[in-house]
Amino acid sequence: MKKAQAVLADKRKIAKDTYEMELTVEEMNVIPTPGQFAHIRIGNGSAHMLRRPISIADVDPIQNTLTIIFKVIGGGTNELSHCQVGDELDVLIGCGQGYPVEDLAIQKALLIGGGIGVPPLYYLAKRLREQGIEVTSILGFQTKEHVFYEKEFSLLGGVQIVTNDGSYGHKGFVTDVVPPVSDFGSYFTCGPTGMLKAVTHQLKGQKGYISIEERMGCGIGACYACVVPIADGEGFRKICKDGPVFKAEEVVL
Amino acid sequence: MSLRVDLPGLSLKNPIMPASGCFGFGREFSELYDLHQLGAIIIKAATQEKRYGNQTPRVAETASGMLNAIGLQNPGVATIIDEELPFLQSFDVPVVANVAGSSVEEYVHVARKLSESELVHALELNISCPNVKEGGIQFGTDPDLAREVTYKVKEVSKVPLYVKLSPNVSNIVAMAKAVAEAGSDGLSMINTLTGMQIHLPSKRPLLANQTGGLSGPAIKPIAIRMIYEVKQHVSIPIIGMGGVTTAEDVVEFLLAGASAVAVGTANFQNPFVCPEIIEALPQALEKYGFTSVEDCIGKGHPHESSYLSRT
């Protein structure tokens with residue numbers, strides 16, 4: 001984890017309340033792995049004392065750029081969405097542990113994302129394809145207005161879109177379209193806790209990795225704000241430092 | 001410009017230290033900068049047995065501050081002594097151990113273990129944690145209980161004791177006097193104020209614990225006021241805390257009567273805030289006409305000479 005001074009190079013609204021930002025990082029001395037998050041300071045004064053953990057949707061280590069995607073939920077993300085091209089941002093990059101990419105020894109991967117859990121799976125999908133792994137993605141959103149990155153994912157493999165209200169793609173939840181017979185070597189999921197619970201329940205016994213969302217304090221493992229109990233014994237894991245990605249059977253959601 | 005301050009048990013090269021609970025046991029921050037730069041380190045609270053703490057969510061941002069309800073999660077005093085404290089010895093920085101408990105016996109046990117370890121330079125007695133069901137804050141809101149636990153801990157401690165006061169009281173001077181009479185070597189003030197935030201979409205308290213401790217710049221004026229009041233009535237030195245984010249905030253705490261300052265919530269906003277404040281402090285002191293940290297302590301009082309601490 002390193003502190004980086006970043007400049008907002010591009011900003012796009014890609015769906016309802018959802019923004020994509022390209023950040024140019026002065027010195028990319030840590031190259032984030034898929035699933036790691038960027039911990040971003042909001043404003044320069046003391047109005048916002050907590051950074052926001054934001055998903056990384058792509059990294060270009062040659063151009064020194066990070067692509068982040070976030071949804072405006074409250075005051076902090078709203079302020080972030082109002083940053084203008086050229087503004088400087090104070091970002092901690094390379095936070096936490098991401099999805100394994102290098103040592104998977106699998107041929108096929110199933111990616112299951114929900115809402116603002118979709119962005120890290122895009123960076124993951126690109127890296128998996130580089131390893132020669134076939135990727136199928138199931139992406140869930142609230143409504144048609146919330147859907148983003150369908151085309152981007154489709155360039156990397158099969159994509160199925162699910163909306164809760166049925167206004168686009170399949171109506172229902174991501175678990176409704178998870179294949180009953182699995183021919184994938186491992187699944188990778190990121191989204192709200194309810195979705196993670198449903199997915200891990202449905203795919204019990206399969207090898208899989210989950211990424212957990214939680215309100216964070218320091219984001220570096222010092223404050224014990226974001227913890228999750230481990231499945232085996234009485235211990236715990238720190239989501240910001242030991243996660244946010246865990247093996248599906250490692251923690252209790 | 002001398003930043004040096006000498007307090008009971010603590011020879012500080014500068015008056016800046018991370019506050020308890022905001023810095024873990026130092027490992028994470030040691031990966032970001034050399035902890036040797038710090039005046040001291042106050043480690044996360046220790047209890048007799050390990051504690052898992054509260055359910056999540058445990059934190060919520062508020063205007064210029066945050067609420068937390070961690071619930072004193074820690075691996076227990078024995079593990080802290082065996083596995084955490086030895087790591088901090090290499091930095092040559094005084095270590096202050098925060099002592100928590102839910103009974104006088106537990107406070108005494110934890111304090112005895114930590115002070116006998118010879119790995120800490122002082123104890124901070126946490127009688128003010130608002131986030132645990134039993135103990136903790138009741139000792140911090142009743143002067144008689146505070147006096148008793150301070151006296152009992154002082155009896156067994158081989159290192160100086162700083163009692164950490166809660167702001168959740170109507171008469172902070174009475175609390176300060178009680179623990180000073182019981183032998184506390186210093187005061188640490190203030191802990192967080194009890195607060196709550198309602199999550200609008202769910203219409204329920206956001207924190208799993210419902211209430212949490214409010215910290216950050218939002219509480220700084222309360223900390224300044226309480227330190228100022230206590231300084232007028234109690235002669236033991238004060239480690240001040242509550243919303244410090246800049247070197248100018250440190251000057252303000254020194255003027256109010258603090259002899260050193262702990263930085264808490266600001267570490268979350270900017271993990272490099274402690275070394276940045278230390279670097280900026282000489283200029284801030286000079287700007288307001290001071291030639292050293294000690295020169296500034298208590299100078300916010302009209303007749304400051306009569307209130308000067310024994311440092």
# chains A, B, ... in the order shown; residues from 1 in each chain; ligands from 1
>>> select_by_dssp(residues="region 78-237 of chain B", states="strand (DSSP E)", output="PyMOL selection string")
chain B and resi 95-99+122-126+161-164+186-189+193-196+198-199+204-205+211-215
>>> closest_atom_pairs(of="chain B", to="chain A", cutoff="6 Å", atoms="only C-alpha atoms", output="Markdown table")
| residue | atom | partner | partner_atom | distance |
| --- | --- | --- | --- | --- |
| B:Cys22 | CA | A:Cys223 | CA | 5.4 |
| B:Phe23 | CA | A:Ala222 | CA | 5.3 |
| B:Gly24 | CA | A:Ala222 | CA | 4.4 |
| B:Arg58 | CA | A:Ala225 | CA | 5.3 |
| B:Ala63 | CA | A:Ala47 | CA | 5.8 |
| B:Ser64 | CA | A:Ala47 | CA | 4.3 |
| B:Gly65 | CA | A:Met49 | CA | 5.7 |
| B:Phe268 | CA | A:Cys218 | CA | 4.3 |
| B:Gln269 | CA | A:Met49 | CA | 5.1 |
>>> residues_around(residues="region 59-65 of chain A", least_positions_apart="3", cutoff="12 Å", atoms="only C-alpha atoms", output="tab-separated table (two decimals) with N, CA, C and O atoms, in the first residue's frame")
chain	number	residue	atom	x	y	z
A	4	ALA	N	-0.52	7.90	-3.05
A	4	ALA	CA	-0.22	8.43	-4.36
A	4	ALA	C	-0.98	9.72	-4.59
A	4	ALA	O	-2.11	9.88	-4.12
A	5	GLN	N	-0.34	10.64	-5.26
A	5	GLN	CA	-1.02	11.86	-5.68
A	5	GLN	C	-1.55	11.59	-7.07
A	5	GLN	O	-0.79	11.26	-7.99
A	6	ALA	N	-2.85	11.68	-7.23
A	6	ALA	CA	-3.46	11.35	-8.52
A	6	ALA	C	-4.14	12.59	-9.09
A	6	ALA	O	-4.56	13.48	-8.35
A	7	VAL	N	-4.24	12.63	-10.40
A	7	VAL	CA	-4.94	13.72	-11.08
A	7	VAL	C	-6.11	13.12	-11.84
A	7	VAL	O	-5.95	12.11	-12.54
A	8	LEU	N	-7.27	13.74	-11.69
A	8	LEU	CA	-8.45	13.27	-12.41
A	8	LEU	C	-8.29	13.61	-13.89
A	8	LEU	O	-8.26	14.79	-14.28
A	9	ALA	N	-8.15	12.57	-14.72
A	9	ALA	CA	-7.89	12.78	-16.15
A	9	ALA	C	-9.17	12.72	-16.97
A	9	ALA	O	-9.27	13.32	-18.04
A	10	ASP	N	-10.15	11.96	-16.49
A	10	ASP	CA	-11.38	11.83	-17.25
A	10	ASP	C	-12.50	11.42	-16.30
A	10	ASP	O	-12.26	10.70	-15.33
A	21	MET	N	-14.15	7.15	-13.32
A	21	MET	CA	-13.10	8.18	-13.35
A	21	MET	C	-11.77	7.54	-13.70
A	21	MET	O	-11.43	6.47	-13.19
A	22	GLU	N	-11.04	8.23	-14.56
A	22	GLU	CA	-9.68	7.78	-14.87
A	22	GLU	C	-8.73	8.69	-14.10
A	22	GLU	O	-8.79	9.91	-14.24
A	23	LEU	N	-7.88	8.09	-13.31
A	23	LEU	CA	-6.92	8.85	-12.51
A	23	LEU	C	-5.51	8.61	-13.03
A	23	LEU	O	-5.13	7.46	-13.25
A	24	THR	N	-4.78	9.68	-13.23
A	24	THR	CA	-3.38	9.52	-13.58
A	24	THR	C	-2.57	9.61	-12.29
A	24	THR	O	-2.69	10.58	-11.53
A	25	VAL	N	-1.82	8.56	-12.04
A	25	VAL	CA	-1.05	8.50	-10.80
A	25	VAL	C	0.39	8.89	-11.11
A	25	VAL	O	0.98	8.38	-12.06
A	26	GLU	N	0.89	9.81	-10.29
A	26	GLU	CA	2.23	10.35	-10.55
A	26	GLU	C	3.27	9.24	-10.66
A	26	GLU	O	4.01	9.13	-11.62
A	27	GLU	N	3.28	8.39	-9.66
A	27	GLU	CA	4.26	7.29	-9.66
A	27	GLU	C	3.53	6.03	-9.24
A	27	GLU	O	3.11	5.91	-8.09
A	28	MET	N	3.38	5.12	-10.15
A	28	MET	CA	2.67	3.88	-9.82
A	28	MET	C	3.67	2.91	-9.20
A	28	MET	O	4.08	1.94	-9.84
A	29	ASN	N	4.10	3.18	-7.96
A	29	ASN	CA	5.11	2.32	-7.37
A	29	ASN	C	4.53	1.02	-6.82
A	29	ASN	O	5.25	0.12	-6.43
A	30	VAL	N	3.19	0.95	-6.77
A	30	VAL	CA	2.52	-0.31	-6.47
A	30	VAL	C	1.48	-0.50	-7.56
A	30	VAL	O	0.70	0.41	-7.81
A	31	ILE	N	1.49	-1.64	-8.21
A	31	ILE	CA	0.47	-1.88	-9.24
A	31	ILE	C	-0.66	-2.68	-8.59
A	31	ILE	O	-0.44	-3.82	-8.16
A	32	PRO	N	-1.84	-2.08	-8.46
A	32	PRO	CA	-2.94	-2.78	-7.78
A	32	PRO	C	-3.32	-4.07	-8.50
A	32	PRO	O	-3.29	-4.13	-9.73
A	33	THR	N	-3.67	-5.08	-7.73
A	33	THR	CA	-4.16	-6.34	-8.30
A	33	THR	C	-5.69	-6.30	-8.30
A	33	THR	O	-6.28	-5.54	-7.53
A	34	PRO	N	-6.34	-7.11	-9.13
A	34	PRO	CA	-7.80	-7.10	-9.16
A	34	PRO	C	-8.38	-7.43	-7.79
A	34	PRO	O	-7.96	-8.40	-7.16
A	35	GLY	N	-9.34	-6.60	-7.34
A	35	GLY	CA	-9.95	-6.82	-6.03
A	35	GLY	C	-9.40	-5.92	-4.95
A	35	GLY	O	-10.05	-5.70	-3.93
A	36	GLN	N	-8.17	-5.40	-5.15
A	36	GLN	CA	-7.67	-4.40	-4.21
A	36	GLN	C	-8.46	-3.11	-4.42
A	36	GLN	O	-9.02	-2.89	-5.50
A	37	PHE	N	-8.50	-2.25	-3.41
A	37	PHE	CA	-9.30	-1.03	-3.54
A	37	PHE	C	-8.41	0.20	-3.42
A	37	PHE	O	-7.27	0.11	-2.97
A	38	ALA	N	-8.95	1.30	-3.89
A	38	ALA	CA	-8.28	2.60	-3.72
A	38	ALA	C	-8.98	3.30	-2.55
A	38	ALA	O	-10.21	3.34	-2.50
A	55	SER	N	-13.77	0.90	-5.68
A	55	SER	CA	-13.38	-0.21	-6.55
A	55	SER	C	-12.50	0.26	-7.69
A	55	SER	O	-12.72	1.32	-8.26
A	56	ILE	N	-11.55	-0.58	-8.03
A	56	ILE	CA	-10.69	-0.31	-9.19
A	56	ILE	C	-11.18	-1.19	-10.34
A	56	ILE	O	-11.21	-2.42	-10.23
A	68	ILE	N	-11.47	4.06	-11.76
A	68	ILE	CA	-12.31	3.74	-10.60
A	68	ILE	C	-13.78	3.92	-11.00
A	68	ILE	O	-14.09	4.72	-11.88
A	93	ILE	N	-3.17	3.51	-2.76
A	93	ILE	CA	-3.40	2.44	-3.74
A	93	ILE	C	-2.75	1.14	-3.26
A	93	ILE	O	-1.85	1.13	-2.44
A	94	GLY	N	-3.26	0.06	-3.83
A	94	GLY	CA	-2.74	-1.26	-3.44
A	94	GLY	C	-3.22	-1.68	-2.07
A	94	GLY	O	-2.52	-2.39	-1.35
A	119	PRO	N	-17.42	-3.49	-10.85
A	119	PRO	CA	-16.16	-2.95	-11.39
A	119	PRO	C	-14.90	-3.78	-11.16
A	119	PRO	O	-14.16	-4.02	-12.11
A	120	PRO	N	-14.63	-4.29	-9.93
A	120	PRO	CA	-13.37	-5.04	-9.77
A	120	PRO	C	-13.33	-6.30	-10.61
A	120	PRO	O	-12.26	-6.79	-10.97
A	122	TYR	N	-14.26	-6.53	-13.65
A	122	TYR	CA	-13.82	-6.21	-15.02
A	122	TYR	C	-12.29	-6.30	-15.10
A	122	TYR	O	-11.73	-6.94	-16.01
A	123	TYR	N	-11.62	-5.69	-14.15
A	123	TYR	CA	-10.15	-5.77	-14.11
A	123	TYR	C	-9.71	-7.23	-13.94
A	123	TYR	O	-8.78	-7.70	-14.60
A	124	LEU	N	-10.45	-7.96	-13.09
A	124	LEU	CA	-10.14	-9.38	-12.90
A	124	LEU	C	-10.32	-10.16	-14.21
A	124	LEU	O	-9.45	-10.97	-14.57
A	126	LYS	N	-10.09	-9.15	-17.25
A	126	LYS	CA	-8.99	-8.88	-18.18
A	126	LYS	C	-7.74	-9.67	-17.81
A	126	LYS	O	-7.08	-10.26	-18.68
A	127	ARG	N	-7.44	-9.70	-16.53
A	127	ARG	CA	-6.24	-10.41	-16.09
A	127	ARG	C	-6.39	-11.94	-16.26
A	127	ARG	O	-5.42	-12.63	-16.59
>>> residues_around(residues="Thr136 (chain A)", least_positions_apart="3", cutoff="8 Å", atoms="only C-alpha atoms", output="ChimeraX atom specification")
/A:108-111,157-159
>>> atom_distance(atom1="CA of Ile239 (chain A)", atom2="CA of Pro53 (chain A)")
11.2 Å
>>> select_by_dssp(residues="region 32-179 of chain A", states="alpha helix (DSSP H)", output="PDB file with N, CA, C and O atoms, in the first residue's frame")
ATOM      1  N   GLY A  75     -22.879  11.698   1.204  1.00  0.00           N
ATOM      2  CA  GLY A  75     -22.189  12.967   1.015  1.00  0.00           C
ATOM      3  C   GLY A  75     -20.780  12.817   0.455  1.00  0.00           C
ATOM      4  O   GLY A  75     -20.346  13.631  -0.371  1.00  0.00           O
ATOM      5  N   GLY A  76     -20.060  11.790   0.898  1.00  0.00           N
ATOM      6  CA  GLY A  76     -18.671  11.626   0.466  1.00  0.00           C
ATOM      7  C   GLY A  76     -18.567  11.278  -1.005  1.00  0.00           C
ATOM      8  O   GLY A  76     -17.811  11.898  -1.765  1.00  0.00           O
ATOM      9  N   THR A  77     -19.339  10.279  -1.433  1.00  0.00           N
ATOM     10  CA  THR A  77     -19.299   9.887  -2.849  1.00  0.00           C
ATOM     11  C   THR A  77     -19.894  10.997  -3.725  1.00  0.00           C
ATOM     12  O   THR A  77     -19.473  11.186  -4.866  1.00  0.00           O
ATOM     13  N   ASN A  78     -20.851  11.747  -3.175  1.00  0.00           N
ATOM     14  CA  ASN A  78     -21.409  12.876  -3.933  1.00  0.00           C
ATOM     15  C   ASN A  78     -20.325  13.924  -4.178  1.00  0.00           C
ATOM     16  O   ASN A  78     -20.170  14.426  -5.297  1.00  0.00           O
ATOM     17  N   GLU A  79     -19.552  14.226  -3.132  1.00  0.00           N
ATOM     18  CA  GLU A  79     -18.484  15.215  -3.304  1.00  0.00           C
ATOM     19  C   GLU A  79     -17.443  14.708  -4.307  1.00  0.00           C
ATOM     20  O   GLU A  79     -16.961  15.459  -5.154  1.00  0.00           O
ATOM     21  N   LEU A  80     -17.127  13.418  -4.214  1.00  0.00           N
ATOM     22  CA  LEU A  80     -16.155  12.838  -5.148  1.00  0.00           C
ATOM     23  C   LEU A  80     -16.656  12.965  -6.591  1.00  0.00           C
ATOM     24  O   LEU A  80     -15.884  13.276  -7.509  1.00  0.00           O
ATOM     25  N   SER A  81     -17.963  12.779  -6.773  1.00  0.00           N
ATOM     26  CA  SER A  81     -18.520  12.834  -8.135  1.00  0.00           C
ATOM     27  C   SER A  81     -18.430  14.246  -8.717  1.00  0.00           C
ATOM     28  O   SER A  81     -18.531  14.418  -9.927  1.00  0.00           O
ATOM     29  N   PRO A 119     -17.422  -3.489 -10.848  1.00  0.00           N
ATOM     30  CA  PRO A 119     -16.160  -2.950 -11.386  1.00  0.00           C
ATOM     31  C   PRO A 119     -14.903  -3.784 -11.157  1.00  0.00           C
ATOM     32  O   PRO A 119     -14.162  -4.022 -12.110  1.00  0.00           O
ATOM     33  N   PRO A 120     -14.631  -4.295  -9.932  1.00  0.00           N
ATOM     34  CA  PRO A 120     -13.373  -5.045  -9.767  1.00  0.00           C
ATOM     35  C   PRO A 120     -13.335  -6.301 -10.613  1.00  0.00           C
ATOM     36  O   PRO A 120     -12.260  -6.791 -10.974  1.00  0.00           O
ATOM     37  N   LEU A 121     -14.518  -6.835 -10.962  1.00  0.00           N
ATOM     38  CA  LEU A 121     -14.555  -8.054 -11.765  1.00  0.00           C
ATOM     39  C   LEU A 121     -14.127  -7.788 -13.202  1.00  0.00           C
ATOM     40  O   LEU A 121     -13.669  -8.699 -13.894  1.00  0.00           O
ATOM     41  N   TYR A 122     -14.263  -6.526 -13.649  1.00  0.00           N
ATOM     42  CA  TYR A 122     -13.816  -6.211 -15.015  1.00  0.00           C
ATOM     43  C   TYR A 122     -12.287  -6.300 -15.101  1.00  0.00           C
ATOM     44  O   TYR A 122     -11.734  -6.943 -16.006  1.00  0.00           O
ATOM     45  N   TYR A 123     -11.623  -5.686 -14.152  1.00  0.00           N
ATOM     46  CA  TYR A 123     -10.150  -5.771 -14.113  1.00  0.00           C
ATOM     47  C   TYR A 123      -9.710  -7.226 -13.937  1.00  0.00           C
ATOM     48  O   TYR A 123      -8.783  -7.701 -14.597  1.00  0.00           O
ATOM     49  N   LEU A 124     -10.451  -7.962 -13.093  1.00  0.00           N
ATOM     50  CA  LEU A 124     -10.144  -9.381 -12.896  1.00  0.00           C
ATOM     51  C   LEU A 124     -10.319 -10.158 -14.205  1.00  0.00           C
ATOM     52  O   LEU A 124      -9.450 -10.968 -14.573  1.00  0.00           O
ATOM     53  N   ALA A 125     -11.436  -9.894 -14.913  1.00  0.00           N
ATOM     54  CA  ALA A 125     -11.703 -10.613 -16.160  1.00  0.00           C
ATOM     55  C   ALA A 125     -10.568 -10.398 -17.159  1.00  0.00           C
ATOM     56  O   ALA A 125     -10.118 -11.336 -17.827  1.00  0.00           O
ATOM     57  N   LYS A 126     -10.094  -9.154 -17.250  1.00  0.00           N
ATOM     58  CA  LYS A 126      -8.990  -8.879 -18.181  1.00  0.00           C
ATOM     59  C   LYS A 126      -7.739  -9.674 -17.812  1.00  0.00           C
ATOM     60  O   LYS A 126      -7.084 -10.256 -18.676  1.00  0.00           O
ATOM     61  N   ARG A 127      -7.445  -9.701 -16.535  1.00  0.00           N
ATOM     62  CA  ARG A 127      -6.239 -10.414 -16.086  1.00  0.00           C
ATOM     63  C   ARG A 127      -6.392 -11.935 -16.257  1.00  0.00           C
ATOM     64  O   ARG A 127      -5.424 -12.626 -16.590  1.00  0.00           O
ATOM     65  N   LEU A 128      -7.599 -12.442 -16.029  1.00  0.00           N
ATOM     66  CA  LEU A 128      -7.825 -13.881 -16.217  1.00  0.00           C
ATOM     67  C   LEU A 128      -7.654 -14.254 -17.683  1.00  0.00           C
ATOM     68  O   LEU A 128      -7.061 -15.278 -18.015  1.00  0.00           O
ATOM     69  N   ARG A 129      -8.174 -13.409 -18.589  1.00  0.00           N
ATOM     70  CA  ARG A 129      -8.023 -13.672 -20.014  1.00  0.00           C
ATOM     71  C   ARG A 129      -6.550 -13.687 -20.421  1.00  0.00           C
ATOM     72  O   ARG A 129      -6.135 -14.493 -21.242  1.00  0.00           O
ATOM     73  N   GLU A 130      -5.770 -12.797 -19.809  1.00  0.00           N
ATOM     74  CA  GLU A 130      -4.324 -12.792 -20.093  1.00  0.00           C
ATOM     75  C   GLU A 130      -3.673 -14.122 -19.711  1.00  0.00           C
ATOM     76  O   GLU A 130      -2.662 -14.519 -20.282  1.00  0.00           O
ATOM     77  N   GLU A 150     -21.700  -3.612 -19.849  1.00  0.00           N
ATOM     78  CA  GLU A 150     -22.137  -4.852 -20.520  1.00  0.00           C
ATOM     79  C   GLU A 150     -21.239  -5.138 -21.730  1.00  0.00           C
ATOM     80  O   GLU A 150     -20.753  -6.255 -21.921  1.00  0.00           O
ATOM     81  N   LYS A 151     -21.016  -4.091 -22.536  1.00  0.00           N
ATOM     82  CA  LYS A 151     -20.221  -4.261 -23.745  1.00  0.00           C
ATOM     83  C   LYS A 151     -18.767  -4.623 -23.392  1.00  0.00           C
ATOM     84  O   LYS A 151     -18.167  -5.525 -23.992  1.00  0.00           O
ATOM     85  N   GLU A 152     -18.231  -3.944 -22.403  1.00  0.00           N
ATOM     86  CA  GLU A 152     -16.840  -4.196 -22.004  1.00  0.00           C
ATOM     87  C   GLU A 152     -16.659  -5.665 -21.596  1.00  0.00           C
ATOM     88  O   GLU A 152     -15.687  -6.314 -21.991  1.00  0.00           O
ATOM     89  N   PHE A 153     -17.588  -6.175 -20.789  1.00  0.00           N
ATOM     90  CA  PHE A 153     -17.489  -7.578 -20.374  1.00  0.00           C
ATOM     91  C   PHE A 153     -17.691  -8.524 -21.560  1.00  0.00           C
ATOM     92  O   PHE A 153     -17.060  -9.568 -21.639  1.00  0.00           O
ATOM     93  N   SER A 154     -18.581  -8.127 -22.497  1.00  0.00           N
ATOM     94  CA  SER A 154     -18.895  -9.023 -23.613  1.00  0.00           C
ATOM     95  C   SER A 154     -17.686  -9.220 -24.524  1.00  0.00           C
ATOM     96  O   SER A 154     -17.594 -10.235 -25.219  1.00  0.00           O
ATOM     97  N   VAL A 174     -29.037 -12.531  -9.373  1.00  0.00           N
ATOM     98  CA  VAL A 174     -27.953 -13.233 -10.074  1.00  0.00           C
ATOM     99  C   VAL A 174     -28.024 -14.741  -9.841  1.00  0.00           C
ATOM    100  O   VAL A 174     -27.712 -15.524 -10.734  1.00  0.00           O
ATOM    101  N   THR A 175     -28.482 -15.119  -8.653  1.00  0.00           N
ATOM    102  CA  THR A 175     -28.514 -16.552  -8.329  1.00  0.00           C
ATOM    103  C   THR A 175     -29.529 -17.293  -9.198  1.00  0.00           C
ATOM    104  O   THR A 175     -29.444 -18.513  -9.346  1.00  0.00           O
ATOM    105  N   ASP A 176     -30.498 -16.548  -9.778  1.00  0.00           N
ATOM    106  CA  ASP A 176     -31.484 -17.199 -10.649  1.00  0.00           C
ATOM    107  C   ASP A 176     -30.852 -17.739 -11.926  1.00  0.00           C
ATOM    108  O   ASP A 176     -31.417 -18.629 -12.563  1.00  0.00           O
ATOM    109  N   VAL A 177     -29.723 -17.156 -12.335  1.00  0.00           N
ATOM    110  CA  VAL A 177     -29.134 -17.588 -13.608  1.00  0.00           C
ATOM    111  C   VAL A 177     -27.786 -18.285 -13.446  1.00  0.00           C
ATOM    112  O   VAL A 177     -27.138 -18.623 -14.427  1.00  0.00           O
TER     113      VAL A 177
END
>>> residues_around(residues="Gly208 (chain A)", least_positions_apart="2", cutoff="9 Å", atoms="only C-alpha atoms", output="list in words")
Gly185, Ser186, Tyr187, Phe188, Thr189, Thr200, Leu203, Lys204, Gly205, Gln206, Ile210, Phe246, Lys247, Ala248 and Glu249 of chain A
>>> residues_around(residues="Gln160 (chain A)", least_positions_apart="4", cutoff="7 Å", atoms="only C-alpha atoms", output="number ranges by chain")
A: 137-139
>>> closest_residue(among="B:Met1, B:Leu281, B:Ala208, B:Ala218", to="Asn54 (chain B)", atoms="only C-alpha atoms")
B:Ala208
>>> residues_around(residues="Glu276 (chain B)", least_positions_apart="5", cutoff="10 Å", atoms="only C-alpha atoms", output="MDAnalysis selection string")
chainID B and resid 245:247 270:271 281
>>> write_last_selection(atoms="N, CA and C atoms", output="compact mmCIF listing (two decimals), in the first residue's frame")
# COMPACT_ATOMS: atom_id res chain seq x y z
N THR B 245 -5.88 17.85 14.06
CA THR B 245 -5.49 17.49 12.69
C THR B 245 -4.30 18.30 12.19
N THR B 246 -3.97 19.42 12.85
CA THR B 246 -2.89 20.29 12.35
C THR B 246 -1.97 20.73 13.50
N ALA B 247 -0.82 21.28 13.12
CA ALA B 247 0.11 21.82 14.12
C ALA B 247 -0.54 22.98 14.88
N ASN B 270 -5.65 10.94 7.02
CA ASN B 270 -4.30 11.06 6.46
C ASN B 270 -3.34 10.25 7.31
N PRO B 271 -2.95 9.05 6.86
CA PRO B 271 -2.11 8.19 7.70
C PRO B 271 -0.74 8.78 8.02
N LEU B 281 5.23 21.70 13.39
CA LEU B 281 5.04 22.30 14.71
C LEU B 281 6.00 23.45 15.04
>>> closest_residue(among="A:Gln107, A:Thr18, A:Ser182, A:Asn164", to="Lys144 (chain A)", atoms="only C-alpha atoms")
A:Asn164
>>> closest_residue(among="B:Val163, B:Glu83, B:Glu279, B:Pro15", to="Ile297 (chain B)", atoms="only C-alpha atoms")
B:Pro15
>>> closest_residue(among="A:Phe173, A:Tyr99, A:Phe184, A:Tyr19", to="Tyr149 (chain A)", atoms="only C-alpha atoms")
A:Tyr19
>>> atom_distance(atom1="CA of Val149 (chain B)", atom2="CA of Gln73 (chain B)")
21.7 Å
>>> atom_distance(atom1="CA of Lys16 (chain A)", atom2="CA of Gly86 (chain A)")
23.6 Å
>>> closest_atom_pairs(of="region 140-216 of chain A", to="region 113-116 of chain A", cutoff="10 Å", atoms="only C-alpha atoms", output="Markdown table")
| residue | atom | partner | partner_atom | distance |
| --- | --- | --- | --- | --- |
| A:Gly140 | CA | A:Gly114 | CA | 4.6 |
| A:Phe141 | CA | A:Gly115 | CA | 5.0 |
| A:Gln142 | CA | A:Gly115 | CA | 7.3 |
| A:Thr143 | CA | A:Gly115 | CA | 9.9 |
| A:His146 | CA | A:Gly115 | CA | 7.7 |
| A:Val147 | CA | A:Gly115 | CA | 8.0 |
| A:Phe148 | CA | A:Gly115 | CA | 9.0 |
| A:Ile161 | CA | A:Gly113 | CA | 9.8 |
| A:Val162 | CA | A:Gly114 | CA | 9.2 |
| A:Thr163 | CA | A:Gly114 | CA | 9.7 |
| A:Phe173 | CA | A:Gly114 | CA | 9.0 |
| A:Val174 | CA | A:Gly114 | CA | 7.6 |
| A:Phe188 | CA | A:Gly113 | CA | 8.3 |
| A:Thr189 | CA | A:Gly113 | CA | 5.6 |
| A:Cys190 | CA | A:Gly113 | CA | 5.1 |
| A:Gly191 | CA | A:Gly114 | CA | 4.5 |
| A:Pro192 | CA | A:Gly114 | CA | 6.8 |
| A:Thr193 | CA | A:Gly114 | CA | 9.9 |
| A:Met195 | CA | A:Gly114 | CA | 7.2 |
| A:Leu196 | CA | A:Gly114 | CA | 8.9 |
| A:Ile210 | CA | A:Gly113 | CA | 10.0 |
| A:Ser211 | CA | A:Gly113 | CA | 9.8 |
| A:Glu213 | CA | A:Ile116 | CA | 9.7 |
